Structure formats: structure tokens, C-alpha cells
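Undergrad: Before I ask anything, here is the structure I am working with.
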Amino acid sequence: MDNKTTPLRSFIDVTDIGNIEAALAEAQEIKADRFKYQHLGRNKTLMMIFFNNSLRTRLSTQKAAMNLGMNVIVLDVNAGAWKLETERGVIMDGDKSEHLLEAIPVMGCYCDIIGVRSFAGLTDRDYDYAETVLKQFIQYSGKPVFAMETATVHPLQAFADLITIRETWKKPTRPKVVLTWAPHCRALPQAVPNSFAQWMQAADVDFVVTHPEGYELDPRFVGSARVEYDQRKAFEGADYIYAKNWSNPGVTSPADYGKITCRDMSWTVDTEHMSWTNGAKFMHCLPVRRGLIVTDDVIESPDSIVIPEAANREISCSVVLKRMLEGIQ
């Protein structure tokens with residue numbers, strides 16, 4: 001079957017999208033005419049379920065669905081629904097009135113496709129990396145399900161990142177892409193760096209990851225990517241710098257999972273850092289903490305492509321929804 005039109009039943013990681021080049025070509029086709037496939041979504045409903053806050057994911061996903069002619073239902077679980085229990089075998093005598101195992105099939109009755117956003121708790125690594133909530137939706141909803149960021153992955157963001165790199169890279173050589181850790185005041189999940197590492201390894205780029213020792217990403221995502229603990233050495237010759245904080249992944253020290261074990265401000269990306277590169281473009285998934293992740297002058301420079309990167313979230317989601325709709329026609 002043509003990879004370009006292979007229907008999707010679930011979308012979690014890069015393997016679900018099939019041939020990368022076909023997906024990128026499809027993204028450009030949709031970007032040239034965002035309403036070309038409106039007929040696919042006619043009388044179809046997307047349900048977007050948020051267990052956590054969102055700006056770009058909420059807006060871009062809803063816009064993509066509307067471009068494809070879909071109706072959209074948005075459910076904020078923590079603001080507009082009963083509090084949901086996710087564990088089996090519990091006595092529900094607390095503040096949670098409904099179990100996810102009843103709620104999920106009910107949600108499935110009202111829609112054709114489901115998007116789920118549910119962050120890591122950052123206290124129980126096994127629970128987070130088992131993707132318990134997302135997998136329950138896949139198992140019990142009876143509908144195609146895609147990740148709008150989960151405990152461990154954010155594939156829509158990584159796909160948009162790759163689209164942005166492809167659009168801005170005009171040379172015949174392979175670009176050097178560097179994922180760099182940067183400091184933050186809060187413990188953040190590893191979902192964005194996990195997916196970015198996964199997608200960059202599937203693409204035709206020279207990929208390097210740099211971070212303090214002890215912040216190694218899970219091998220299932222980082223794979224055989226080159227890890228460089230010297231940030232300056234990693235930046236040398238880079239064409240793209242992707243800055244992102246993540247809390248300790250607990251790979252080398254399970255007891256440190258989800259903790260902030262490094263606060264080294266020398267990792268903040270500033271003009272000096274960017275001077276080490278090959279005139280690199282600066283990337284970040286947003287929202288970004290200025291002064292921690294990156295300085296004002298870098299993110300506001302002509303080499304910052306964070307806004308086109310965010311805009312391409314609409315395109316990456318359009319490709320995914322189009323393929324899911326093709327599978328339920």
C-alpha cells in the first residue's frame with residue numbers, strides 16, 4: 001500500500017506515520033491547500049480530551065480538524081467533567097466520581113476520532129512510561145486515538161519540528177541538528193525531547209543530544225543518537241539548535257526520576273552559545289521561559305524559527321487527522 005495514504009488507527013510515535021518522506025510531501029500538499037480534503041471530515045466528530053493545559057495543541061488541532069470539515073468537541077477533564085479515577089482495584093470513596101474505564105467508552109459513543117493530552121506525574125516512572133491513560137483510550141474507546149502529548153511523547157510537535165527543518169534547510173548536505181538541555185525552575189516531563197530524538201533519528205539529519213551527565217533520555221527514544229556532554233563541542237558546526245528542559249529521566253538513577261538534579265545556568269542558550277554554531281536556527285516547542293531556556297536576543301533574532309515551528313503544528317495534525325479519516329470512510 002502507498003505509505004502516503006496508509007490509514008492510521010493510532011498515532012503515538014514516528015513508526016506510526018510510515019515513510020517519512022511521504023509524510024513530509026503530504027504535509028506540503030496540505031499546506032498548499034488546507035481545505036483540499038474537507039470532504040473527508042464531513043459529518044465526522046473529533047473529541048479533544050485535555051487532562052492538562054494547552055495553547056498551541058488545542059488551537060492547532062482544532063483548526064486542523066475544522067480545515068478537514070470536522071465537528072469538534074473539547075473536554076477539559078479537570079474543569080468541565082467529573083474527576084476521573086484511572087487506577088483499577090481502588091475503593092472510590094474520595095473526590096473522584098467516575099472511573100476512566102466507564103468514561104472512555106461513553107466518550108467513544110459521541111465521536112469518530114479521539115485526541116488525548118495527559119502529562120507525566122513525574123513520581124512513578126513505571127506508571128508514566130507505561131502510558132497507562134493513553135493505552136486505556138486505545139483499548140476501550142473503539143475509536144482511532146492520537147497523542148496530543150502524553151507522559152512520554154509529543155509526536156505532533158516532533159512532526160511539526162521536522163516539517164520546519166525541511167522547509168528552512170536549502171542546502172544539499174545533511175543538516176546538523178542539536179537537542180540541548182537547558183535549565184528550568186520546574187520539573188518538566190521528557191515527552192518533547194523523547195519524540196524529537198525519535199523523529200530526528202528517522203530523518204536524514206546529523207543528530208546530536210547534549211545535556212548534563214545523569215540526564216540521559218530513555219534508550220527506547222534516543223536510540224543510537226550521539227550524546228555529547230560538552231555543550232560547546234555539541235554546538236560546533238550546528239545548523240539547528242533545539243533547546244528544551246527536561247527533568248531527570250531516571251535512566252541512570254531511578255530514584256532521581258522527575259527531579260531537578262541540575263540547575264546549571266551556563267546551559268542557557270545565549271548569543272555566545274549561538275556563536276559556536278554554523279549560523280544555526282533556534283528552535284523551541286513553546287511556551288518558553290526567557291532567561292532560563294533562552295535569552296531575549298536569541299529568541300527574538302532573525303534566526304529564531306519558533307513561530308513558523310508553532311504554525312506547522314496545524315499542518316502536522318492535518319496529516320494525522322486526514323489519514324485517520326481515510327481509515328474510517
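Order determines the names: the first chain of the C-alpha cells is A, the second B, and so forth; residues in each chain are numbered 1 upward, and ligands are numbered 1 upward as they are shown.
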Mind listing the helix (DSSP H, G or I) residues of segment 106-205 of chain A, per DSSP on the backbone, as an MDAnalysis selection string?

TA: chainID A and resid 106:109 125:129 132:140 155:168 191:202

Undergrad: Considering only C-alpha atoms, return as a VMD selection string whatever protein or nucleic-acid residues lie within 9 Å of segment 172-179 of chain A, sequence-local ones (same chain, fewer than 6 positions apart) excluded.

TA: chain A and resid 165 193 196 to 197 200 204 to 211 234 to 235 237 to 244 280

Undergrad: Please dump the current selection as a short mmCIF file (atom, residue, chain, number, x, y, z; two decimals), in the first residue's frame; keep N, CA, C and O atoms.

TA:
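Produced file part36.cif, reproduced below:
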data_model
loop_
_atom_site.label_atom_id
_atom_site.label_comp_id
_atom_site.auth_asym_id
_atom_site.auth_seq_id
_atom_site.Cartn_x
_atom_site.Cartn_y
_atom_site.Cartn_z
N ILE A 165 12.19 22.11 9.83
CA ILE A 165 13.58 21.92 9.40
C ILE A 165 13.65 21.70 7.91
O ILE A 165 14.48 22.30 7.20
N PRO A 193 11.48 16.15 24.28
CA PRO A 193 12.79 15.64 23.84
C PRO A 193 12.75 14.18 23.40
O PRO A 193 13.46 13.80 22.46
N PHE A 196 11.28 14.30 19.86
CA PHE A 196 12.20 14.97 18.95
C PHE A 196 13.37 14.05 18.61
O PHE A 196 13.75 13.92 17.43
N ALA A 197 13.92 13.39 19.62
CA ALA A 197 15.03 12.46 19.37
C ALA A 197 14.59 11.33 18.45
O ALA A 197 15.32 10.93 17.53
N MET A 200 14.07 12.75 14.80
CA MET A 200 15.31 13.16 14.14
C MET A 200 16.12 11.95 13.69
O MET A 200 16.79 11.98 12.66
N ASP A 204 16.74 12.35 7.75
CA ASP A 204 18.08 12.40 7.18
C ASP A 204 18.83 13.61 7.72
O ASP A 204 19.08 14.59 7.02
N VAL A 205 19.20 13.54 9.02
CA VAL A 205 19.95 14.63 9.65
C VAL A 205 21.08 14.04 10.49
O VAL A 205 21.06 12.87 10.86
N ASP A 206 22.06 14.90 10.79
CA ASP A 206 23.14 14.55 11.71
C ASP A 206 22.68 15.01 13.09
O ASP A 206 22.64 16.21 13.37
N PHE A 207 22.31 14.07 13.94
CA PHE A 207 21.63 14.41 15.20
C PHE A 207 22.53 14.20 16.40
O PHE A 207 23.17 13.14 16.54
N VAL A 208 22.57 15.21 17.28
CA VAL A 208 23.38 15.17 18.49
C VAL A 208 22.52 15.62 19.67
O VAL A 208 21.74 16.57 19.55
N VAL A 209 22.66 14.95 20.80
CA VAL A 209 21.98 15.35 22.03
C VAL A 209 23.03 15.78 23.04
O VAL A 209 24.04 15.09 23.23
N THR A 210 22.81 16.93 23.69
CA THR A 210 23.74 17.39 24.72
C THR A 210 22.98 17.75 25.99
O THR A 210 21.94 18.41 25.94
N HIS A 211 23.51 17.31 27.12
CA HIS A 211 22.87 17.54 28.41
C HIS A 211 23.86 17.23 29.52
O HIS A 211 24.89 16.57 29.28
N ALA A 234 29.20 20.16 21.30
CA ALA A 234 27.99 19.73 20.59
C ALA A 234 27.51 20.81 19.64
O ALA A 234 27.05 20.52 18.53
N PHE A 235 27.63 22.08 20.04
CA PHE A 235 27.12 23.19 19.23
C PHE A 235 27.98 23.47 18.00
O PHE A 235 27.50 24.09 17.04
N GLY A 237 29.45 23.74 14.63
CA GLY A 237 29.00 23.34 13.31
C GLY A 237 27.53 23.05 13.19
O GLY A 237 27.05 22.57 12.16
N ALA A 238 26.76 23.34 14.25
CA ALA A 238 25.32 23.03 14.23
C ALA A 238 24.56 23.97 13.30
O ALA A 238 24.85 25.17 13.20
N ASP A 239 23.56 23.41 12.64
CA ASP A 239 22.68 24.19 11.77
C ASP A 239 21.34 24.50 12.44
O ASP A 239 20.66 25.46 12.07
N TYR A 240 20.98 23.68 13.43
CA TYR A 240 19.75 23.89 14.20
C TYR A 240 20.03 23.59 15.67
O TYR A 240 20.63 22.55 15.98
N ILE A 241 19.59 24.50 16.53
CA ILE A 241 19.68 24.29 17.97
C ILE A 241 18.26 24.20 18.52
O ILE A 241 17.48 25.16 18.41
N TYR A 242 17.92 23.05 19.08
CA TYR A 242 16.60 22.84 19.69
C TYR A 242 16.81 22.80 21.19
O TYR A 242 17.34 21.83 21.73
N ALA A 243 16.40 23.87 21.87
CA ALA A 243 16.58 23.95 23.32
C ALA A 243 15.34 23.45 24.03
O ALA A 243 14.22 23.77 23.63
N LYS A 244 15.54 22.66 25.06
CA LYS A 244 14.40 22.13 25.82
C LYS A 244 14.87 21.62 27.17
O LYS A 244 15.87 20.92 27.26
N ALA A 280 23.31 28.81 13.23
CA ALA A 280 22.17 27.92 13.42
C ALA A 280 20.86 28.66 13.63
O ALA A 280 20.81 29.77 14.15
#

Undergrad: Between atom CA of Ile138 of chain A and atom CA of Asp93 of chain A, what distance in Å does the model show, to one decimal?

TA: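 Here the two named atoms are 27.1 Å from each other.
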
Undergrad: Would you give me, as a tab-separated table, each residue of segment 82-149 of chain A having an atom within 7 Å of an atom of segment 154-159 of chain A, along with its shortest atom pair and that distance in Å to one decimal, using only C-alpha atoms and sorting by chain and residue number?

TA:
residue	atom	partner	partner_atom	distance
A:Ala147	CA	A:His154	CA	6.7
A:Met148	CA	A:His154	CA	6.4
A:Glu149	CA	A:His154	CA	4.2

Undergrad: Under the rule that only C-alpha atoms are counted, which of A:Asn71, A:Ser247, A:Ser253, A:Thr86 is the nearest residue to Arg42 of chain A?

TA: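 Of all the options, A:Asn71 lies closest to Arg42 of chain A.
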
Undergrad: Mind checking which residues fall within 9 Å of segment 72-76 of chain A, counting only C-alpha atoms, ignoring those fewer than 5 positions away in the same chain, and posting them as a list in words?

TA: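 The neighbour list is Lys44, Thr45, Leu46, Met47, Met48, Ile49, Phe50, Phe51, Asn52, Asn53, Arg58, Gln62, Ala65, Met66, Ala81 and Cys111 of chain A.
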
Undergrad: When you look at segment 182-186 of chain A with a cut-off of 12 Å (counting only C-alpha atoms), what residues show up, excluding the ones that are within fewer than 6 positions of it in the same chain? I need them as an mmCIF file with N, CA and C atoms, in the first residue's frame.

TA:
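This went into around23.cif:
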data_model
loop_
_atom_site.group_PDB
_atom_site.id
_atom_site.type_symbol
_atom_site.label_atom_id
_atom_site.label_comp_id
_atom_site.auth_asym_id
_atom_site.auth_seq_id
_atom_site.Cartn_x
_atom_site.Cartn_y
_atom_site.Cartn_z
ATOM 1 N N LEU A 122 5.454 12.342 37.038
ATOM 2 C CA LEU A 122 6.852 12.528 37.447
ATOM 3 C C LEU A 122 7.159 12.025 38.855
ATOM 4 N N PRO A 193 11.481 16.145 24.284
ATOM 5 C CA PRO A 193 12.786 15.640 23.842
ATOM 6 C C PRO A 193 12.751 14.179 23.396
ATOM 7 N N VAL A 209 22.661 14.953 20.801
ATOM 8 C CA VAL A 209 21.983 15.347 22.033
ATOM 9 C C VAL A 209 23.035 15.780 23.043
ATOM 10 N N THR A 210 22.808 16.929 23.688
ATOM 11 C CA THR A 210 23.738 17.389 24.716
ATOM 12 C C THR A 210 22.984 17.754 25.986
ATOM 13 N N HIS A 211 23.509 17.306 27.118
ATOM 14 C CA HIS A 211 22.868 17.541 28.408
ATOM 15 C C HIS A 211 23.864 17.225 29.521
ATOM 16 N N PRO A 212 23.586 17.665 30.735
ATOM 17 C CA PRO A 212 24.475 17.308 31.857
ATOM 18 C C PRO A 212 24.463 15.802 32.097
ATOM 19 N N TYR A 215 21.328 13.083 32.930
ATOM 20 C CA TYR A 215 20.067 13.457 32.285
ATOM 21 C C TYR A 215 19.820 12.657 31.001
ATOM 22 N N GLN A 231 28.621 20.940 26.036
ATOM 23 C CA GLN A 231 27.656 21.677 25.226
ATOM 24 C C GLN A 231 28.334 22.442 24.092
ATOM 25 N N ILE A 241 19.590 24.496 16.533
ATOM 26 C CA ILE A 241 19.678 24.288 17.972
ATOM 27 C C ILE A 241 18.260 24.197 18.522
ATOM 28 N N TYR A 242 17.919 23.048 19.078
ATOM 29 C CA TYR A 242 16.605 22.837 19.689
ATOM 30 C C TYR A 242 16.811 22.798 21.189
ATOM 31 N N ALA A 243 16.404 23.869 21.869
ATOM 32 C CA ALA A 243 16.584 23.951 23.320
ATOM 33 C C ALA A 243 15.339 23.446 24.027
ATOM 34 N N LYS A 244 15.538 22.661 25.065
ATOM 35 C CA LYS A 244 14.396 22.131 25.816
ATOM 36 C C LYS A 244 14.873 21.623 27.168
ATOM 37 N N ASN A 245 14.132 21.972 28.203
ATOM 38 C CA ASN A 245 14.413 21.403 29.511
ATOM 39 C C ASN A 245 13.684 20.079 29.669
ATOM 40 N N TRP A 246 14.258 19.189 30.433
ATOM 41 C CA TRP A 246 13.533 18.013 30.917
ATOM 42 C C TRP A 246 14.083 17.658 32.293
ATOM 43 N N SER A 247 13.206 17.153 33.136
ATOM 44 C CA SER A 247 13.636 16.715 34.462
ATOM 45 C C SER A 247 14.423 15.414 34.320
ATOM 46 N N ASN A 248 15.005 14.985 35.402
ATOM 47 C CA ASN A 248 15.834 13.787 35.356
ATOM 48 C C ASN A 248 15.001 12.576 34.903
ATOM 49 N N GLY A 258 12.133 12.426 37.622
ATOM 50 C CA GLY A 258 11.236 13.564 37.764
ATOM 51 C C GLY A 258 11.769 14.687 38.617
ATOM 52 N N LYS A 259 12.995 14.569 39.086
ATOM 53 C CA LYS A 259 13.571 15.599 39.949
ATOM 54 C C LYS A 259 14.455 16.555 39.146
ATOM 55 N N ILE A 260 14.671 17.742 39.705
ATOM 56 C CA ILE A 260 15.649 18.674 39.155
ATOM 57 C C ILE A 260 16.972 18.411 39.865
ATOM 58 N N THR A 261 17.903 17.783 39.167
ATOM 59 C CA THR A 261 19.189 17.447 39.779
ATOM 60 C C THR A 261 20.314 18.311 39.226
ATOM 61 N N CYS A 262 19.963 19.254 38.329
ATOM 62 C CA CYS A 262 20.940 20.202 37.807
ATOM 63 C C CYS A 262 20.248 21.540 37.579
ATOM 64 N N ARG A 263 20.888 22.611 38.027
ATOM 65 C CA ARG A 263 20.368 23.971 37.823
ATOM 66 C C ARG A 263 21.430 24.866 37.175
ATOM 67 N N ASP A 264 22.317 24.287 36.434
ATOM 68 C CA ASP A 264 23.462 24.998 35.863
ATOM 69 C C ASP A 264 23.012 26.000 34.804
ATOM 70 N N MET A 265 23.063 27.293 35.147
ATOM 71 C CA MET A 265 22.613 28.340 34.231
ATOM 72 C C MET A 265 23.558 28.550 33.055
ATOM 73 N N SER A 266 24.713 27.930 33.075
ATOM 74 C CA SER A 266 25.620 28.069 31.934
ATOM 75 C C SER A 266 25.084 27.352 30.699
ATOM 76 N N TRP A 267 24.019 26.545 30.886
ATOM 77 C CA TRP A 267 23.411 25.841 29.757
ATOM 78 C C TRP A 267 22.352 26.690 29.039
ATOM 79 N N THR A 268 21.986 27.843 29.593
ATOM 80 C CA THR A 268 21.021 28.731 28.943
ATOM 81 C C THR A 268 21.569 29.174 27.595
ATOM 82 N N VAL A 269 20.754 29.081 26.548
ATOM 83 C CA VAL A 269 21.213 29.416 25.204
ATOM 84 C C VAL A 269 21.196 30.933 25.023
ATOM 85 N N ASP A 270 22.388 31.518 24.848
ATOM 86 C CA ASP A 270 22.512 32.952 24.621
ATOM 87 C C ASP A 270 23.310 33.200 23.335
ATOM 88 N N HIS A 273 26.512 31.185 22.997
ATOM 89 C CA HIS A 273 26.253 29.799 22.605
ATOM 90 C C HIS A 273 26.005 29.704 21.096
ATOM 91 N N HIS A 284 12.331 25.930 19.542
ATOM 92 C CA HIS A 284 11.763 25.547 20.835
ATOM 93 C C HIS A 284 10.285 25.289 20.616
ATOM 94 N N VAL A 288 8.062 29.073 26.391
ATOM 95 C CA VAL A 288 9.459 29.083 26.793
ATOM 96 C C VAL A 288 9.676 30.084 27.928
ATOM 97 N N ARG A 289 10.476 29.716 28.886
ATOM 98 C CA ARG A 289 10.849 30.605 29.989
ATOM 99 C C ARG A 289 12.091 31.391 29.569
ATOM 100 N N ARG A 290 11.882 32.654 29.192
ATOM 101 C CA ARG A 290 13.009 33.503 28.808
ATOM 102 C C ARG A 290 13.924 33.721 30.015
ATOM 103 N N GLY A 291 15.202 33.766 29.742
ATOM 104 C CA GLY A 291 16.191 33.944 30.797
ATOM 105 C C GLY A 291 16.615 32.642 31.443
ATOM 106 N N LEU A 292 15.845 31.585 31.234
ATOM 107 C CA LEU A 292 16.210 30.257 31.717
ATOM 108 C C LEU A 292 16.611 29.355 30.551
ATOM 109 N N ILE A 293 15.669 29.151 29.639
ATOM 110 C CA ILE A 293 15.948 28.327 28.460
ATOM 111 C C ILE A 293 16.783 29.102 27.451
ATOM 112 N N VAL A 294 16.378 30.341 27.198
ATOM 113 C CA VAL A 294 16.983 31.139 26.132
ATOM 114 C C VAL A 294 16.896 32.612 26.509
ATOM 115 N N THR A 295 17.835 33.396 26.009
ATOM 116 C CA THR A 295 17.808 34.831 26.257
ATOM 117 C C THR A 295 16.928 35.536 25.228
#

Undergrad: Pull the strand (DSSP E or B) assignments for segment 100-138 of chain A out of DSSP run on the backbone, and list those residues as a count of residues only.

TA: 5

Undergrad: Nearest to Val145 of chain A: which of A:Ser10, A:Asn19, A:Ser275, A:Asn312 is it, counting only C-alpha atoms?

TA: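 Ranking A:Ser10, A:Asn19, A:Ser275, A:Asn312 by distance to Val145 of chain A, first place goes to A:Ser10.
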
Undergrad: Which of these residues is nearest to Ser304 of chain A, using only C-alpha atoms: A:Gly279, A:Pro189, A:Gly327, A:Pro287?

TA: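 Once distances to Ser304 of chain A are computed over only C-alpha atoms, the minimum belongs to A:Gly279.
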
Undergrad: Rounded to one decimal place, report the atom CA of Phe282 of chain A-atom CA of Ile305 of chain A distance in Å.

TA: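 Straight-line distance from atom CA of Phe282 of chain A to atom CA of Ile305 of chain A works out to 6.0 Å.
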
Undergrad: Near Thr61 of chain A, counting only C-alpha atoms, which residues have an atom at most 8 Å away, once you skip same-chain residues fewer than 3 positions from it, shown as a list of chain:residue names?

TA: A:Thr57, A:Arg58, A:Ala64, A:Ala65, A:Arg313, A:Glu314, A:Cys317, A:Ser318

Undergrad: Using only C-alpha atoms, pick whichever of A:Cys109, A:Ala23, A:Val153, A:Met92 has the shortest atom-to-atom distance to Val320 of chain A.

TA: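 Residue with the minimum atom-to-atom distance to Val320 of chain A: A:Ala23.
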